[in-house]
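File shown: input06.pdb (PDB, C-alpha atoms).
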ATOM      1  CA  MET A 123     -38.292 -51.490-130.767
ATOM      2  CA  THR A 124     -36.873 -54.914-129.962
ATOM      3  CA  LYS A 125     -39.003 -57.635-128.420
ATOM      4  CA  LEU A 126     -37.061 -57.398-125.166
ATOM      5  CA  ASN A 127     -37.491 -53.618-124.979
ATOM      6  CA  ALA A 128     -41.187 -53.980-125.694
ATOM      7  CA  LEU A 129     -41.532 -56.499-122.881
ATOM      8  CA  ILE A 130     -39.680 -54.269-120.405
ATOM      9  CA  LEU A 131     -41.783 -51.244-121.382
ATOM     10  CA  SER A 132     -44.949 -53.325-121.000
ATOM     11  CA  LEU A 133     -43.947 -54.421-117.504
ATOM     12  CA  ILE A 134     -43.091 -50.892-116.397
ATOM     13  CA  VAL A 135     -46.338 -49.416-117.716
ATOM     14  CA  SER A 136     -48.544 -52.176-116.283
ATOM     15  CA  ALA A 137     -46.972 -51.796-112.833
ATOM     16  CA  SER A 138     -48.680 -48.417-112.453
ATOM     17  CA  ALA A 139     -52.140 -50.025-112.232
ATOM     18  CA  VAL A 140     -53.124 -51.419-108.832
ATOM     19  CA  SER A 141     -56.109 -53.740-109.252
ATOM     20  CA  ALA A 142     -58.742 -54.086-106.523
ATOM     21  CA  ASN A 143     -59.996 -57.414-107.813
ATOM     22  CA  ALA A 144     -57.121 -59.784-107.127
ATOM     23  CA  ARG A 145     -56.601 -63.379-106.078
ATOM     24  CA  ILE A 146     -54.202 -65.097-103.754
ATOM     25  CA  LEU A 147     -52.828 -68.461-104.816
ATOM     26  CA  ARG A 148     -51.497 -70.721-102.082
ATOM     27  CA  GLY A 149     -50.435 -74.334-102.454
ATOM     28  CA  GLY A 150     -52.164 -74.636-105.820
ATOM     29  CA  ASP A 151     -55.512 -73.194-104.654
ATOM     30  CA  LEU A 152     -57.133 -69.877-105.513
ATOM     31  CA  VAL A 153     -58.808 -67.981-102.680
ATOM     32  CA  ASN A 154     -60.545 -64.696-103.486
ATOM     33  CA  ASN A 155     -59.691 -62.261-100.687
ATOM     34  CA  GLY A 156     -59.784 -59.044-102.695
ATOM     35  CA  GLY A 157     -57.197 -56.261-102.653
ATOM     36  CA  GLY A 158     -53.860 -55.855-104.331
ATOM     37  CA  ILE A 159     -50.394 -57.238-103.708
ATOM     38  CA  ALA A 160     -49.816 -55.090-100.598
ATOM     39  CA  GLU A 161     -52.982 -56.396 -98.983
ATOM     40  CA  LYS A 162     -51.860 -59.934 -99.819
ATOM     41  CA  ASN A 163     -48.518 -59.272 -98.148
ATOM     42  CA  VAL A 164     -50.318 -58.054 -95.022
ATOM     43  CA  PHE A 165     -52.475 -61.193 -95.004
ATOM     44  CA  TYR A 166     -49.409 -63.390 -95.426
ATOM     45  CA  ALA A 167     -47.528 -61.596 -92.651
ATOM     46  CA  TYR A 168     -50.567 -61.999 -90.404
ATOM     47  CA  GLU A 169     -50.798 -65.718 -91.157
ATOM     48  CA  LYS A 170     -47.106 -66.261 -90.327
ATOM     49  CA  LEU A 171     -46.835 -63.693 -87.543
ATOM     50  CA  ASP A 172     -46.373 -66.164 -84.679
ATOM     51  CA  LYS A 173     -43.483 -67.785 -86.564
ATOM     52  CA  TYR A 174     -41.828 -64.427 -87.283
ATOM     53  CA  ILE A 175     -42.219 -63.284 -83.675
ATOM     54  CA  GLN A 176     -40.735 -66.537 -82.406
ATOM     55  CA  ILE A 177     -37.666 -66.046 -84.608
ATOM     56  CA  CYS A 178     -37.104 -62.644 -83.011
ATOM     57  CA  LEU A 179     -37.641 -63.960 -79.479
ATOM     58  CA  LYS A 180     -35.046 -66.687 -80.031
ATOM     59  CA  SER A 181     -32.423 -64.466 -81.648
ATOM     60  CA  ASP A 182     -29.994 -62.154 -79.892
ATOM     61  CA  SER A 183     -29.800 -60.248 -83.179
ATOM     62  CA  CYS A 184     -33.279 -58.854 -82.505
ATOM     63  CA  LYS A 185     -31.717 -56.754 -79.705
ATOM     64  CA  LEU A 186     -34.780 -56.640 -77.456
ATOM     65  CA  ASN A 187     -34.643 -55.048 -74.035
ATOM     66  CA  GLU A 188     -36.541 -56.641 -71.151
ATOM     67  CA  ARG A 189     -39.679 -54.545 -71.655
ATOM     68  CA  GLN A 190     -39.795 -55.227 -75.383
ATOM     69  CA  ARG A 191     -39.223 -58.941 -74.893
ATOM     70  CA  GLY A 192     -42.001 -59.150 -72.315
ATOM     71  CA  LEU A 193     -44.512 -57.461 -74.628
ATOM     72  CA  LEU A 194     -43.511 -59.513 -77.663
ATOM     73  CA  GLN A 195     -43.825 -62.694 -75.606
ATOM     74  CA  GLU A 196     -47.344 -61.648 -74.558
ATOM     75  CA  ILE A 197     -48.336 -61.125 -78.176
ATOM     76  CA  TYR A 198     -46.908 -64.527 -79.101
ATOM     77  CA  ASP A 199     -48.621 -66.307 -76.183
ATOM     78  CA  HIS A 200     -52.043 -64.887 -77.107
ATOM     79  CA  MET A 201     -51.826 -65.333 -80.868
ATOM     80  CA  SER A 202     -54.634 -67.910 -80.991
ATOM     81  CA  LEU A 203     -56.954 -65.450 -79.201
ATOM     82  CA  GLU A 204     -55.876 -62.645 -81.505
ATOM     83  CA  LYS A 205     -56.778 -64.720 -84.538
ATOM     84  CA  ALA A 206     -60.000 -66.201 -83.146
ATOM     85  CA  ASN A 207     -62.153 -63.853 -85.235
ATOM     86  CA  LYS A 208     -61.797 -61.937 -88.468
ATOM     87  CA  GLN A 209     -59.250 -59.392 -87.291
ATOM     88  CA  LEU A 210     -57.897 -57.591 -90.365
ATOM     89  CA  ILE A 211     -60.151 -54.974 -91.946
ATOM     90  CA  PHE A 212     -58.956 -52.815 -94.848
ATOM     91  CA  ALA A 213     -60.366 -49.313 -95.188
ATOM     92  CA  SER A 214     -59.452 -45.949 -96.713
ATOM     93  CA  GLU A 215     -58.750 -42.598 -95.080
ATOM     94  CA  LYS A 216     -59.582 -40.903 -98.396
ATOM     95  CA  ASN A 217     -63.038 -42.496 -98.481
ATOM     96  CA  ALA A 218     -63.722 -41.746 -94.810
ATOM     97  CA  PRO A 219     -61.697 -38.651 -93.836
ATOM     98  CA  GLY A 220     -60.589 -38.647 -90.216
ATOM     99  CA  SER A 221     -60.979 -42.390 -89.682
ATOM    100  CA  PHE A 222     -57.212 -42.966 -89.429
ATOM    101  CA  ILE A 223     -56.176 -39.682 -87.794
ATOM    102  CA  ILE A 224     -54.668 -40.336 -84.356
ATOM    103  CA  ASP A 225     -52.865 -37.647 -82.356
ATOM    104  CA  GLY A 226     -53.169 -35.355 -85.352
ATOM    105  CA  LEU A 227     -51.407 -37.733 -87.747
ATOM    106  CA  VAL A 228     -52.726 -40.022 -90.473
ATOM    107  CA  ARG A 229     -51.834 -43.570 -89.405
ATOM    108  CA  VAL A 230     -51.334 -46.711 -91.486
ATOM    109  CA  ALA A 231     -53.440 -48.733 -89.028
ATOM    110  CA  LYS A 232     -55.520 -48.537 -85.856
ATOM    111  CA  THR A 233     -57.013 -50.954 -83.318
ATOM    112  CA  GLY A 234     -58.637 -51.209 -79.890
ATOM    113  CA  SER A 235     -57.105 -51.940 -76.510
ATOM    114  CA  THR A 236     -58.231 -55.535 -75.911
ATOM    115  CA  VAL A 237     -56.890 -58.857 -77.166
ATOM    116  CA  GLY A 238     -58.525 -59.811 -80.447
ATOM    117  CA  SER A 239     -59.682 -56.264 -81.275
ATOM    118  CA  PRO A 240     -60.081 -55.693 -85.022
ATOM    119  CA  ILE A 241     -57.067 -54.167 -86.741
ATOM    120  CA  TYR A 242     -58.033 -51.591 -89.367
ATOM    121  CA  ILE A 243     -55.466 -51.133 -92.130
ATOM    122  CA  ASN A 244     -55.336 -47.887 -94.138
ATOM    123  CA  SER A 245     -54.985 -49.125 -97.718
ATOM    124  CA  ASP A 246     -54.059 -45.615 -98.875
ATOM    125  CA  LEU A 247     -50.625 -45.973 -97.251
ATOM    126  CA  LEU A 248     -49.790 -49.502 -98.403
ATOM    127  CA  TYR A 249     -48.318 -48.348-101.729
ATOM    128  CA  THR A 250     -45.581 -45.831-102.504
ATOM    129  CA  LYS A 251     -44.740 -44.451-105.938
ATOM    130  CA  SER A 252     -41.671 -46.109-107.437
ATOM    131  CA  GLU A 253     -38.912 -44.806-109.709
ATOM    132  CA  ALA A 254     -40.519 -46.732-112.590
ATOM    133  CA  GLU A 255     -43.682 -44.618-112.301
ATOM    134  CA  GLY A 256     -45.510 -47.545-110.727
ATOM    135  CA  TYR A 257     -46.372 -48.339-107.124
ATOM    136  CA  ASP A 258     -44.357 -50.445-104.703
ATOM    137  CA  PRO A 259     -46.449 -52.451-102.222
ATOM    138  CA  VAL A 260     -45.631 -52.728 -98.544
ATOM    139  CA  SER A 261     -43.316 -55.718 -98.063
ATOM    140  CA  ILE A 262     -43.906 -58.662 -95.753
ATOM    141  CA  PRO A 263     -41.316 -57.470 -93.167
ATOM    142  CA  GLU A 264     -42.899 -53.996 -93.246
ATOM    143  CA  ALA A 265     -46.340 -55.551 -92.749
ATOM    144  CA  VAL A 266     -44.980 -57.455 -89.743
ATOM    145  CA  ALA A 267     -43.849 -54.167 -88.181
ATOM    146  CA  ILE A 268     -47.359 -52.733 -88.634
ATOM    147  CA  LEU A 269     -49.053 -55.782 -87.103
ATOM    148  CA  VAL A 270     -46.687 -56.002 -84.128
ATOM    149  CA  HIS A 271     -47.295 -52.306 -83.423
ATOM    150  CA  GLU A 272     -51.072 -52.679 -83.519
ATOM    151  CA  MET A 273     -51.196 -55.858 -81.432
ATOM    152  CA  GLY A 274     -48.964 -54.153 -78.875
ATOM    153  CA  HIS A 275     -51.869 -51.807 -78.104
ATOM    154  CA  HIS A 276     -53.805 -54.828 -76.791
ATOM    155  CA  TYR A 277     -51.462 -55.405 -73.844
ATOM    156  CA  GLY A 278     -51.079 -52.117 -72.017
ATOM    157  CA  ASN A 279     -50.548 -48.412 -72.289
ATOM    158  CA  TYR A 280     -47.556 -48.377 -74.622
ATOM    159  CA  THR A 281     -46.704 -45.274 -76.629
ATOM    160  CA  HIS A 282     -46.678 -45.224 -80.421
ATOM    161  CA  GLU A 283     -42.934 -44.623 -80.298
ATOM    162  CA  GLU A 284     -42.358 -47.735 -78.176
ATOM    163  CA  LEU A 285     -44.496 -49.877 -80.472
ATOM    164  CA  ASP A 286     -42.882 -48.440 -83.595
ATOM    165  CA  LEU A 287     -39.466 -49.428 -82.253
ATOM    166  CA  LEU A 288     -40.618 -52.940 -81.328
ATOM    167  CA  GLY A 289     -42.144 -53.477 -84.773
ATOM    168  CA  VAL A 290     -38.953 -52.230 -86.434
ATOM    169  CA  ARG A 291     -36.824 -54.620 -84.328
ATOM    170  CA  VAL A 292     -38.783 -57.620 -85.590
ATOM    171  CA  SER A 293     -38.942 -56.286 -89.141
ATOM    172  CA  LEU A 294     -35.200 -55.592 -89.417
ATOM    173  CA  LEU A 295     -34.332 -59.141 -88.376
ATOM    174  CA  LEU A 296     -36.731 -60.534 -90.967
ATOM    175  CA  GLN A 297     -35.298 -58.299 -93.687
ATOM    176  CA  GLN A 298     -31.923 -59.954 -93.138
ATOM    177  CA  LYS A 299     -33.512 -63.320 -93.929
ATOM    178  CA  PHE A 300     -35.697 -62.204 -96.857
ATOM    179  CA  ILE A 301     -34.433 -62.115-100.449
ATOM    180  CA  SER A 302     -36.552 -60.242-102.976
ATOM    181  CA  THR A 303     -35.709 -60.336-106.692
ATOM    182  CA  PRO A 304     -37.837 -58.414-109.229
ATOM    183  CA  LEU A 305     -37.811 -59.375-112.883
ATOM    184  CA  ILE A 306     -37.302 -55.714-113.792
ATOM    185  CA  PRO A 307     -35.400 -53.424-111.381
ATOM    186  CA  TRP A 308     -37.625 -50.997-109.433
ATOM    187  CA  ASN A 309     -40.708 -52.911-110.532
ATOM    188  CA  SER A 310     -42.439 -55.257-108.102
ATOM    189  CA  GLU A 311     -45.230 -56.523-110.374
ATOM    190  CA  ILE A 312     -43.275 -59.700-111.158
ATOM    191  CA  SER A 313     -40.846 -60.795-108.449
ATOM    192  CA  ALA A 314     -39.672 -63.710-106.341
ATOM    193  CA  THR A 315     -39.308 -63.608-102.555
ATOM    194  CA  VAL A 316     -37.397 -66.138-100.448
ATOM    195  CA  PHE A 317     -37.354 -66.317 -96.654
ATOM    196  CA  ASN A 318     -34.722 -68.567 -95.051
ATOM    197  CA  PRO A 319     -35.721 -68.852 -91.360
ATOM    198  CA  ASN A 320     -32.813 -70.972 -90.160
ATOM    199  CA  LEU A 321     -29.689 -72.315 -91.807
ATOM    200  CA  THR A 322     -29.808 -75.807 -90.258
ATOM    201  CA  THR A 323     -33.346 -76.677 -89.159
ATOM    202  CA  SER A 324     -35.890 -75.312 -91.620
ATOM    203  CA  PHE A 325     -36.951 -75.038 -95.241
ATOM    204  CA  PRO A 326     -37.418 -71.681 -96.984
ATOM    205  CA  GLU A 327     -40.657 -69.937 -97.744
ATOM    206  CA  VAL A 328     -40.694 -69.271-101.495
ATOM    207  CA  LEU A 329     -43.216 -66.809-102.916
ATOM    208  CA  LEU A 330     -43.866 -65.627-106.464
ATOM    209  CA  ASN A 331     -45.504 -62.248-106.994
ATOM    210  CA  VAL A 332     -47.330 -61.941-110.315
ATOM    211  CA  GLY A 333     -49.579 -58.931-110.783
ATOM    212  CA  ASP A 334     -51.882 -58.998-107.754
ATOM    213  CA  ASP A 335     -51.293 -62.694-107.020
ATOM    214  CA  VAL A 336     -49.043 -64.157-104.328
ATOM    215  CA  ILE A 337     -48.146 -67.757-105.192
ATOM    216  CA  ASP A 338     -46.713 -69.752-102.313
ATOM    217  CA  ILE A 339     -44.506 -72.536-103.743
ATOM    218  CA  SER A 340     -42.779 -73.461-100.476
ATOM    219  CA  GLU A 341     -44.157 -77.016-100.483
ATOM    220  CA  GLU A 342     -43.182 -77.540-104.111
ATOM    221  CA  TYR A 343     -39.639 -76.436-103.289
ATOM    222  CA  LYS A 344     -39.492 -78.780-100.299
ATOM    223  CA  GLU A 345     -40.618 -81.701-102.471
ATOM    224  CA  ALA A 346     -38.071 -80.916-105.198
ATOM    225  CA  VAL A 347     -34.881 -80.687-103.116
ATOM    226  CA  ALA A 348     -32.950 -83.873-102.318
ATOM    227  CA  CYS A 349     -29.690 -85.181-100.890
ATOM    228  CA  VAL A 350     -28.084 -87.101-103.754
ATOM    229  CA  GLY A 351     -26.887 -90.636-102.992
ATOM    230  CA  ILE A 352     -25.186 -91.920-106.137
ATOM    231  CA  THR A 353     -24.630 -89.908-109.317
ATOM    232  CA  VAL A 354     -24.134 -91.410-112.794
ATOM    233  CA  PRO A 355     -22.648 -88.565-114.875
ATOM    234  CA  ILE A 356     -24.261 -87.614-118.192
ATOM    235  CA  PRO A 357     -21.773 -85.249-119.886
ATOM    236  CA  ILE A 358     -24.381 -83.449-121.986
ATOM    237  CA  LEU A 359     -26.250 -80.316-120.972
ATOM    238  CA  PRO A 360     -29.137 -79.844-120.386
ATOM    239  CA  ILE A 361     -29.707 -83.598-119.892
ATOM    240  CA  PRO A 362     -29.584 -84.214-116.111
ATOM    241  CA  ASP A 363     -27.300 -86.756-114.461
ATOM    242  CA  LEU A 364     -28.808 -90.031-113.316
ATOM    243  CA  GLU A 365     -29.251 -89.830-109.548
ATOM    244  CA  LEU A 366     -29.936 -92.864-107.340
ATOM    245  CA  LEU A 367     -30.716 -93.424-103.656
ATOM    246  CA  ASN A 368     -31.720 -89.825-103.047
ATOM    247  CA  LYS A 369     -32.947 -88.793 -99.590
ATOM    248  CA  LYS A 370     -34.923 -85.850 -98.315
ATOM    249  CA  PRO A 371     -32.784 -83.248 -96.555
ATOM    250  CA  GLN A 372     -33.351 -82.285 -92.943
ATOM    251  CA  ALA A 373     -33.283 -78.618 -93.929
ATOM    252  CA  SER A 374     -32.475 -76.406 -96.907
ATOM    253  CA  ILE A 375     -31.695 -72.836 -97.842
ATOM    254  CA  LEU A 376     -32.201 -71.094-101.200
ATOM    255  CA  HIS A 377     -29.882 -68.244-102.149
ATOM    256  CA  ASN A 378     -28.352 -66.364-105.097
ATOM    257  CA  VAL A 379     -31.819 -66.223-106.662
ATOM    258  CA  HIS A 380     -31.999 -64.582-110.091
ATOM    259  CA  TRP A 381     -34.124 -64.505-113.238
ATOM    260  CA  SER A 382     -32.180 -66.568-115.744
ATOM    261  CA  LYS A 383     -34.379 -66.978-118.843
ATOM    262  CA  PHE A 384     -37.655 -65.868-120.348
ATOM    263  CA  LYS A 385     -39.473 -66.115-123.650
ATOM    264  CA  GLU A 386     -42.562 -64.398-124.975
ATOM    265  CA  LYS A 387     -45.210 -65.791-127.297
ATOM    266  CA  ASP A 388     -48.252 -63.670-128.091
ATOM    267  CA  ASP A 389     -49.527 -62.485-124.683
ATOM    268  CA  THR A 390     -47.899 -65.327-122.736
ATOM    269  CA  LEU A 391     -44.585 -64.975-120.937
ATOM    270  CA  SER A 392     -42.567 -68.023-119.804
ATOM    271  CA  VAL A 393     -39.871 -67.387-117.200
ATOM    272  CA  MET A 394     -37.163 -69.275-115.339
ATOM    273  CA  ILE A 395     -35.727 -68.429-111.930
ATOM    274  CA  THR A 396     -32.439 -70.055-110.920
ATOM    275  CA  GLY A 397     -30.942 -70.246-107.453
ATOM    276  CA  ASN A 398     -28.309 -72.069-105.438
ATOM    277  CA  VAL A 399     -29.466 -74.781-103.052
ATOM    278  CA  SER A 400     -27.742 -75.725 -99.817
ATOM    279  CA  ASN A 401     -29.211 -78.898 -98.284
ATOM    280  CA  ASN A 402     -28.618 -80.216 -94.788
ATOM    281  CA  CYS A 403     -28.131 -83.956 -95.359
ATOM    282  CA  VAL A 404     -27.799 -86.919 -92.990
ATOM    283  CA  TYR A 405     -25.913 -89.983 -94.228
ATOM    284  CA  LYS A 406     -25.213 -93.402 -92.684
ATOM    285  CA  THR A 407     -22.791 -91.930 -90.206
ATOM    286  CA  ASN A 408     -25.667 -89.803 -88.820
ATOM    287  CA  ILE A 409     -23.476 -86.771 -89.393
ATOM    288  CA  PHE A 410     -25.016 -83.666 -90.872
ATOM    289  CA  ILE A 411     -23.281 -82.622 -94.084
ATOM    290  CA  ARG A 412     -24.049 -79.362 -95.838
ATOM    291  CA  ASN A 413     -24.470 -80.165 -99.543
ATOM    292  CA  ASN A 414     -23.835 -76.984-101.552
ATOM    293  CA  ASP A 415     -23.351 -78.241-105.113
ATOM    294  CA  SER A 416     -26.942 -78.169-106.380
ATOM    295  CA  LYS A 417     -29.015 -75.534-108.114
ATOM    296  CA  ILE A 418     -32.729 -75.237-108.694
ATOM    297  CA  ASN A 419     -34.832 -73.992-111.605
ATOM    298  CA  ILE A 420     -38.295 -72.577-111.000
ATOM    299  CA  THR A 421     -40.338 -72.148-114.157
ATOM    300  CA  PHE A 422     -43.853 -70.848-114.735
ATOM    301  CA  ARG A 423     -45.972 -68.953-117.245
ATOM    302  CA  MET A 424     -48.143 -65.883-117.078
ATOM    303  CA  VAL A 425     -50.562 -64.182-119.435
ATOM    304  CA  LYS A 426     -51.408 -60.528-119.876
ATOM    305  CA  SER A 427     -55.043 -59.640-119.194
ATOM    306  CA  SER A 428     -57.161 -57.165-121.137
ATOM    307  CA  THR A 429     -56.351 -54.548-118.477
ATOM    308  CA  GLY A 430     -52.611 -54.993-118.985
ATOM    309  CA  LYS A 431     -51.993 -56.885-115.753
ATOM    310  CA  TRP A 432     -49.955 -60.102-115.712
ATOM    311  CA  ILE A 433     -51.815 -63.167-114.418
ATOM    312  CA  TYR A 434     -50.148 -66.372-113.241
ATOM    313  CA  ILE A 435     -51.182 -69.462-115.210
ATOM    314  CA  LYS A 436     -52.250 -72.147-112.786
ATOM    315  CA  ASP A 437     -50.546 -75.553-113.150
ATOM    316  CA  SER A 438     -47.653 -74.043-115.139
ATOM    317  CA  LEU A 439     -45.181 -74.358-112.266
ATOM    318  CA  GLY A 440     -42.053 -76.495-112.470
ATOM    319  CA  VAL A 441     -39.449 -76.853-109.690
ATOM    320  CA  ASP A 442     -36.352 -78.935-110.450
ATOM    321  CA  GLN A 443     -33.090 -79.436-108.566
ATOM    322  CA  TYR A 444     -30.025 -80.137-110.728
ATOM    323  CA  LYS A 445     -26.237 -79.965-110.869
ATOM    324  CA  ASP A 446     -23.980 -78.198-113.343
ATOM    325  CA  PRO A 447     -20.614 -79.907-112.729
ATOM    326  CA  TRP A 448     -17.370 -79.785-114.687
ATOM    327  CA  TRP A 449     -18.072 -82.944-116.662
ATOM    328  CA  LYS A 450     -20.934 -81.270-118.562
ATOM    329  CA  ILE A 451     -18.638 -80.643-121.527
ATOM    330  CA  ILE A 452     -21.230 -80.974-124.319
ATOM    331  CA  ARG A 453     -23.889 -78.294-124.351
ATOM    332  CA  LEU A 454     -26.918 -78.591-126.614
ATOM    333  CA  PRO A 455     -29.045 -75.528-127.428
ATOM    334  CA  LEU A 456     -31.640 -75.235-124.688
ATOM    335  CA  ASN A 457     -34.528 -74.620-127.064
ATOM    336  CA  HIS A 458     -34.174 -78.144-128.451
ATOM    337  CA  LEU A 459     -35.162 -79.675-125.115
ATOM    338  CA  GLN A 460     -36.936 -77.032-123.058
ATOM    339  CA  THR A 461     -40.545 -77.807-122.135
ATOM    340  CA  TRP A 462     -41.572 -74.668-120.261
TER     341      TRP A 462
END
For the file at hand, write its structure as structure tokens.
Amino acid sequence: MTKLNALILSLIVSASAVSANARILRGGDLVNNGGGIAEKNVFYAYEKLDKYIQICLKSDSCKLNERQRGLLQEIYDHMSLEKANKQLIFASEKNAPGSFIIDGLVRVAKTGSTVGSPIYINSDLLYTKSEAEGYDPVSIPEAVAILVHEMGHHYGNYTHEELDLLGVRVSLLLQQKFISTPLIPWNSEISATVFNPNLTTSFPEVLLNVGDDVIDISEEYKEAVACVGITVPIPILPIPDLELLNKKPQASILHNVHWSKFKEKDDTLSVMITGNVSNNCVYKTNIFIRNNDSKINITFRMVKSSTGKWIYIKDSLGVDQYKDPWWKIIRLPLNHLQTW
């Protein structure tokens, strides 16, 4: 078996284990919230829910009727009250039979009828079996649909069908703006997720999923991107050009994201993600110019634990914007200069 085949087999096998003792990494800090990757996605969707709802309210593409818009606006207006106390509680229908049965059906979540009521999430339904014999976690857009549905119960006597449709409206719009790229097809244990809220006024949310960790590198991406002022060409790859008088863009989008390189040493895996960057730049004329000729490399390392799960190595992250223009006519082997 080749090294590559062994790595792929290892990833597929390890995806079948869903750990209950996980960590969430955000902005360089570890916070122990428990649960697996699906629970982390629900937490992240909950944290960003007001932003996601606002995107739907401002977009005609969300296709809300007057009743739906009124309810969604109520949820948005009362978000601070909703989040005033610990609101999300994860439980299991299997461990407490009947606790999530409503109208004769097993539900993914339940809540009360008042603003701020706890929202109980049925962890049993947050994972579905994948084609790779592992388990796919609920995605962030899917988690948003669940949360919108449950919060809708706090504002009147709406039917489950009405709230399902409202949650789906918000979720479908978000899915158009989310890009998810797994390292191995049909395997979500190692993947990258990008959310581009707006093409001209915002920066993307960039998340790395490693095992049961969600690593938010949005701030690192924002710090790395730049509008290039003056470029002094260096015709040798991978040596970067000399760039002077760079400015921070007003906004940026990240697209065409793909896993470009990886290498394995013992139980440590080093990977590189490459994507195209489109920066919204303002120059002396005060005219916005969309700069589309840059790319970005995201590199990090992970290690396999004794249980077979991959764990992100803290402080291994690198985020670098670069160009690959026509004058790069001399190409040195990457392994002579790579540092990741």
Original post:
Nearest to Asp442 in chain A among A:Leu329, A:Ile243, A:Val316, A:Val399, with distances taken over all atoms listed in the file: which residue is it?
Top reply: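 Among the listed residues, the smallest separation from Asp442 in chain A belongs to A:Val399.
For Thr323 in chain A, the set of protein, DNA and RNA residues having any atom at most 10 Å away, when counting all atoms listed in the file and skipping those fewer than 5 positions along the same chain, is Pro371, Gln372, Ala373, Ser374, Ile375 and Asn402 of chain A.
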**OP:** On this file, the PyMOL selection byres ((chain A and resi 412) around 7) gives some set of residues; write that set as a list in words.
**Re:**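 Applied to this file, the PyMOL selection byres ((chain A and resi 412) around 7) selects Ser400, Asn401, Asn402, Cys403, Phe410, Ile411, Asn413 and Asn414 of chain A.
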**OP:** Place a sphere of radius 12 Å on (-53.5, -50.7, -95.6) in the file coordinates and name every protein, DNA or RNA residue with an atom inside or on its surface, counting only C-alpha atoms; give the answer as a PyMOL selection string.
**Re:** chain A and resi 157-165+210-216+222+228-232+241-250+259-261+264-265+268-269
Original post:
Neighbours of range 289-297 of chain A within 8 Å (all atoms listed in the file; same-chain residues fewer than 2 positions away dropped), as a list in words?
Top reply: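 Final neighbour list, sorted by chain and number: Tyr174, Ile175, Cys178, Ser183, Cys184, Lys185, Leu186, Pro263, Glu264, Val266, Ala267, Ile268, Leu269, Val270, His271, Leu285, Asp286, Leu287, Lys299, Phe300 and Ile301 of chain A.
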